[in-house]
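Everything on this sheet refers to the single structure shown next.
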Amino acid sequence: MTKIINDYLFDESAFDYHDAAFKALIRPDTKRRTLKIPPILKADKVEGGTIYYTIHAQTGETRILDGKATRTWGYNGSLLGPLIQYESGKHYHLTLVNDLPEVTTWHWHGLNIPGPIEDGGPHAPVQPGESKGIEFDVHQPTMTAWLHPHPCPHTAEQVWKGLAAPVTVVNPLDNLPQLPHDWGIDDIPVIFQDRTFHDNQWDYQADYDMDGTLGDTALVNGTANAEFTVTRPWLRLRVLNGANRRELRLNTDKNIVMTQIASDGGFLPHAVSLTKIMLTTAERAELLLDLSAYKKGDQLLLKADDTVILTLIVGEFTEDNRVELPSKLKEIDRGFTGGVDHQVIMSGMDDAVKINGKLYDMTRIDDRQELGKNEIWDVSNTNDDMPGMGMIHPFHMHGMEFLVLSRNGKEPYPNELGYKDTIAVNPGEHVRLLVKFNVAGIFMYHCHILEHEDTGMMAQIEVFDPKHPKHWNLKDLCAKNGVDSMDANMKM
């Protein structure tokens with residue numbers, strides 16, 4: 001009999017709702033609105049194995065609540081962005097156009113592409129009114145990723161204003177075509193965020209919290225009080241916690257079993273059955289819901305803690321899209337052993353956050369790792385030395401996916417056995433990761449509470465190819481790209 005997980009797994013004493021500055025979610029006093037489904041971005045052109053896209057970062061207005069529209073930012077639209085699809089084995093040419101009143105970057109969270117320019121960290125700014133082109137190859141498994149800005153120290157505010165978009169990778173050699181895959185019908189994104197409205201507007205500075213900015217209104221795909229009509233019994237949810245700070249503890253009013261089939265880096269080795277799941281910021285999970293037992297007109301409420309964020313309404317089933325899942329979704333070798341090669345200590349809260357006792361310096365290389373080599377990273381969170389004040393830090397690495405080997409010497413949580421790029425670390429905990437980079441360059445690693453990374457809770461690693469050595473002068477790179485490296489090093 002399949003074991004069903006009925007627990008959020010993480011240390012409850014460190015959940016965000018214990019913070020004195022915590023804002024509980026409320027259901028907005030506004031009519032229910034149909035869940036917005038991001039359109040699929042169309043290619044400008046296709047030439048052989050090269051696909052061309054153009055992505056604008058722009059301002060706009062979006063009607064979210066009853067009454068006047070909210071001033072928002074988005075990609076190729078007024079809020080969030082379209083679905084950007086990549087196929088493994090293809091070459092992509094992107095034109096990035098900044099129509100915003102300030103500098104921004106395009107960070108491809110979850111893509112294994114060269115850094116720091118193509119990856120889109122703070123070394124790769126696009127100035128207002130400027131257009132830049134980047135090119136890269138995609139070689140990785142089928143997965144759900146996302147796009148967001150990374151212009152430290154302004155990442156948090158730009159995400160808050162609306163810059164985020166879903167991204168998928170399809171690898172024909174690593175796909176399960178029997179799964180629901182009709183975008184917007186039985187395969188839908190659930191991009192969770194929270195915002196506070198001030199006379200229908202967002203005011204980041206008014207709501208700013210150095211430990212992570214929280215809003216009191218839940219949005220899914222930029223939709224408040226969202227509803228979606230289900231027309232097939234199997235529904236695939238691509239859940240992204242796109243919030244600046246808030247932990248998403250997803251559950252349902254009917255305690256329905258959710259089958260998790262994938263995490264950040266693609267399919268899990270085996271499906272995991274659960275009624276509750278917790279995602280910290282930037283984590284993703286793909287969930288299957290079986291609604292075949294429900295009748296037309298029935299409703300299922302998806303909740304964050306006790307607050308409804310999405311109402312699923314059972315409609316007329318047009319076809320039965322259920323199939324038997326294979327016992328093994330993906331072959332993953334977890335037999336690696338060895339000593340620790342790298343250590344990351346995440347410490348502090350508010351303006352005291354650091355990695356390995358240092359604040360971020362974009363001209364400094366903090367660590368080095370050889371291209372293509374498996375190495376073990378020990379990532380710890382020392383917040384347990386602050387009784388009653390500890391918090392969970394989500395740790396993210398650019399340019400690769402890792403395997404979680406252990407938590408304090410014990411097995412990872414059951415839904416952490418696949419590849420990931422973001423992992424939540426409890427206070428006082430050591431999490432060991434198996435890390436291998438398949439692309440060279442400079443990559444960042446940091447806490448993904450956006451205000452923490454803007455404050456300087458980041459570091460960067462050089463991934464080097466001994467067969468093709470390269471010397472990096474990051475001060476010259478910043479100067480060449482018009483980056484004020486002193487401004488980007490920390491937020492005071």
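Following the order of the structure tokens, first chain is A, next is B, and so on, with residues numbered from 1 inside each chain and ligands from 1 in the order they appear.
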Can I get the residues of stretch 379-464 of chain A within 8 Å of stretch 205-211 of chain A, each with the closest pair of atoms and their distance in Å to one decimal, using only C-alpha atoms, sorted chain first then ascending number, as a tab-separated table?
```
residue	atom	partner	partner_atom	distance
A:Ile449	CA	A:Asp211	CA	7.7
A:Glu451	CA	A:Met210	CA	5.6
A:His452	CA	A:Asp211	CA	6.4
A:Thr455	CA	A:Met210	CA	7.6
```
Contacts of A:Gly60 at 7 Å (only C-alpha atoms; same-chain gap of 2+ positions) as a VMD selection string:
chain A and resid 58 62 71 to 73 78
Atoms to include: all heavy atoms. Write the selected residues as a PDB file, in the first residue's frame.
```pdb
ATOM      1  N   GLN A  58       8.425  45.144 -19.422  1.00  0.00           N
ATOM      2  CA  GLN A  58       7.640  46.344 -19.673  1.00  0.00           C
ATOM      3  C   GLN A  58       6.724  46.685 -18.511  1.00  0.00           C
ATOM      4  O   GLN A  58       6.454  45.856 -17.649  1.00  0.00           O
ATOM      5  CB  GLN A  58       6.813  46.144 -20.952  1.00  0.00           C
ATOM      6  CG  GLN A  58       5.786  45.018 -20.853  1.00  0.00           C
ATOM      7  CD  GLN A  58       5.162  44.672 -22.193  1.00  0.00           C
ATOM      8  OE1 GLN A  58       5.814  44.107 -23.076  1.00  0.00           O
ATOM      9  NE2 GLN A  58       3.894  45.028 -22.336  1.00  0.00           N
ATOM     10  N   THR A  62      -2.920  46.145 -14.814  1.00  0.00           N
ATOM     11  CA  THR A  62      -3.621  44.866 -14.782  1.00  0.00           C
ATOM     12  C   THR A  62      -4.809  44.975 -13.835  1.00  0.00           C
ATOM     13  O   THR A  62      -4.662  45.460 -12.709  1.00  0.00           O
ATOM     14  CB  THR A  62      -2.692  43.739 -14.297  1.00  0.00           C
ATOM     15  OG1 THR A  62      -1.488  43.747 -15.075  1.00  0.00           O
ATOM     16  CG2 THR A  62      -3.365  42.385 -14.423  1.00  0.00           C
ATOM     17  N   ARG A  71      -1.062  49.114 -11.266  1.00  0.00           N
ATOM     18  CA  ARG A  71       0.141  49.333 -12.071  1.00  0.00           C
ATOM     19  C   ARG A  71       1.110  48.171 -11.821  1.00  0.00           C
ATOM     20  O   ARG A  71       1.482  47.891 -10.674  1.00  0.00           O
ATOM     21  CB  ARG A  71       0.788  50.673 -11.718  1.00  0.00           C
ATOM     22  CG  ARG A  71      -0.060  51.887 -12.135  1.00  0.00           C
ATOM     23  CD  ARG A  71       0.650  53.199 -11.852  1.00  0.00           C
ATOM     24  NE  ARG A  71       0.809  53.434 -10.422  1.00  0.00           N
ATOM     25  CZ  ARG A  71      -0.118  53.987  -9.642  1.00  0.00           C
ATOM     26  NH1 ARG A  71      -1.290  54.356 -10.148  1.00  0.00           N
ATOM     27  NH2 ARG A  71       0.114  54.178  -8.347  1.00  0.00           N
ATOM     28  N   THR A  72       1.515  47.499 -12.883  1.00  0.00           N
ATOM     29  CA  THR A  72       2.301  46.273 -12.777  1.00  0.00           C
ATOM     30  C   THR A  72       3.401  46.250 -13.829  1.00  0.00           C
ATOM     31  O   THR A  72       3.399  47.045 -14.772  1.00  0.00           O
ATOM     32  CB  THR A  72       1.412  45.030 -12.961  1.00  0.00           C
ATOM     33  OG1 THR A  72       0.696  45.155 -14.199  1.00  0.00           O
ATOM     34  CG2 THR A  72       0.406  44.886 -11.824  1.00  0.00           C
ATOM     35  N   TRP A  73       4.325  45.302 -13.659  1.00  0.00           N
ATOM     36  CA  TRP A  73       5.361  45.029 -14.649  1.00  0.00           C
ATOM     37  C   TRP A  73       5.210  43.587 -15.126  1.00  0.00           C
ATOM     38  O   TRP A  73       4.691  42.728 -14.403  1.00  0.00           O
ATOM     39  CB  TRP A  73       6.750  45.210 -14.045  1.00  0.00           C
ATOM     40  CG  TRP A  73       7.107  46.648 -13.731  1.00  0.00           C
ATOM     41  CD1 TRP A  73       6.304  47.747 -13.810  1.00  0.00           C
ATOM     42  CD2 TRP A  73       8.380  47.124 -13.280  1.00  0.00           C
ATOM     43  NE1 TRP A  73       6.990  48.881 -13.438  1.00  0.00           N
ATOM     44  CE2 TRP A  73       8.268  48.528 -13.106  1.00  0.00           C
ATOM     45  CE3 TRP A  73       9.605  46.510 -13.007  1.00  0.00           C
ATOM     46  CZ2 TRP A  73       9.339  49.313 -12.676  1.00  0.00           C
ATOM     47  CZ3 TRP A  73      10.661  47.284 -12.576  1.00  0.00           C
ATOM     48  CH2 TRP A  73      10.531  48.676 -12.419  1.00  0.00           C
ATOM     49  N   SER A  78       1.411  42.891 -19.352  1.00  0.00           N
ATOM     50  CA  SER A  78       1.380  43.806 -18.212  1.00  0.00           C
ATOM     51  C   SER A  78       1.779  43.161 -16.895  1.00  0.00           C
ATOM     52  O   SER A  78       2.186  43.856 -15.961  1.00  0.00           O
ATOM     53  CB  SER A  78      -0.031  44.406 -18.062  1.00  0.00           C
ATOM     54  OG  SER A  78      -0.977  43.404 -17.713  1.00  0.00           O
TER      55      SER A  78
END
```
Interatomic distance, atom CA of A:Phe197 to atom CA of A:Thr281 (Å, one decimal):
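Those two atoms sit 20.9 Å apart.
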What lies within 10 Å of stretch 128-132 of chain A using only C-alpha atoms, ignoring chain neighbours under 6 positions off, as a ChimeraX atom specification?
/A:54-57,94-104
Using DSSP secondary structure from the backbone, list all helix (DSSP H, G or I) positions within stretch 62-226 of chain A, as a ChimeraX atom specification.
/A:155-160,204-207
Residue with smallest distance to A:Val230 - pool A:Trp202, A:Phe464, A:Tyr294, A:Phe15, counting only C-alpha atoms
A:Tyr294
Write out as a PyMOL selection string which residues come within 9 Å of A:Ala21 when counting only C-alpha atoms, dropping same-chain ones fewer than 3 positions away.
chain A and resi 17-18+209+214
Using the selection just defined, write its residues with N, CA, C and O atoms as a PDB file, in the first residue's frame.
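Output saved as out32.pdb:
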```
ATOM      1  N   TYR A  17       5.171  31.834   9.900  1.00  0.00           N
ATOM      2  CA  TYR A  17       4.073  32.455  10.656  1.00  0.00           C
ATOM      3  C   TYR A  17       4.415  32.701  12.130  1.00  0.00           C
ATOM      4  O   TYR A  17       3.632  33.321  12.849  1.00  0.00           O
ATOM      5  N   HIS A  18       5.583  32.249  12.581  1.00  0.00           N
ATOM      6  CA  HIS A  18       6.024  32.575  13.936  1.00  0.00           C
ATOM      7  C   HIS A  18       6.716  33.940  14.008  1.00  0.00           C
ATOM      8  O   HIS A  18       6.980  34.438  15.098  1.00  0.00           O
ATOM      9  N   ASP A 209      10.205  44.571   4.051  1.00  0.00           N
ATOM     10  CA  ASP A 209      10.729  43.946   5.264  1.00  0.00           C
ATOM     11  C   ASP A 209      12.062  43.312   4.880  1.00  0.00           C
ATOM     12  O   ASP A 209      12.124  42.486   3.961  1.00  0.00           O
ATOM     13  N   LEU A 214       6.231  40.447   2.795  1.00  0.00           N
ATOM     14  CA  LEU A 214       5.008  39.648   2.747  1.00  0.00           C
ATOM     15  C   LEU A 214       3.832  40.505   2.324  1.00  0.00           C
ATOM     16  O   LEU A 214       3.753  41.689   2.657  1.00  0.00           O
TER      17      LEU A 214
END
```
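Residue nearest A:Lys330 within the list A:His446, A:Lys23, A:His342, A:His270: A:His270 [criterion: smallest interatomic distance, only C-alpha atoms].
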Quick one: residues within 12 Å of A:Pro326, only C-alpha atoms counted, chain neighbours fewer than 6 positions away excluded, as a PyMOL selection string?
chain A and resi 176-179+261+267-271
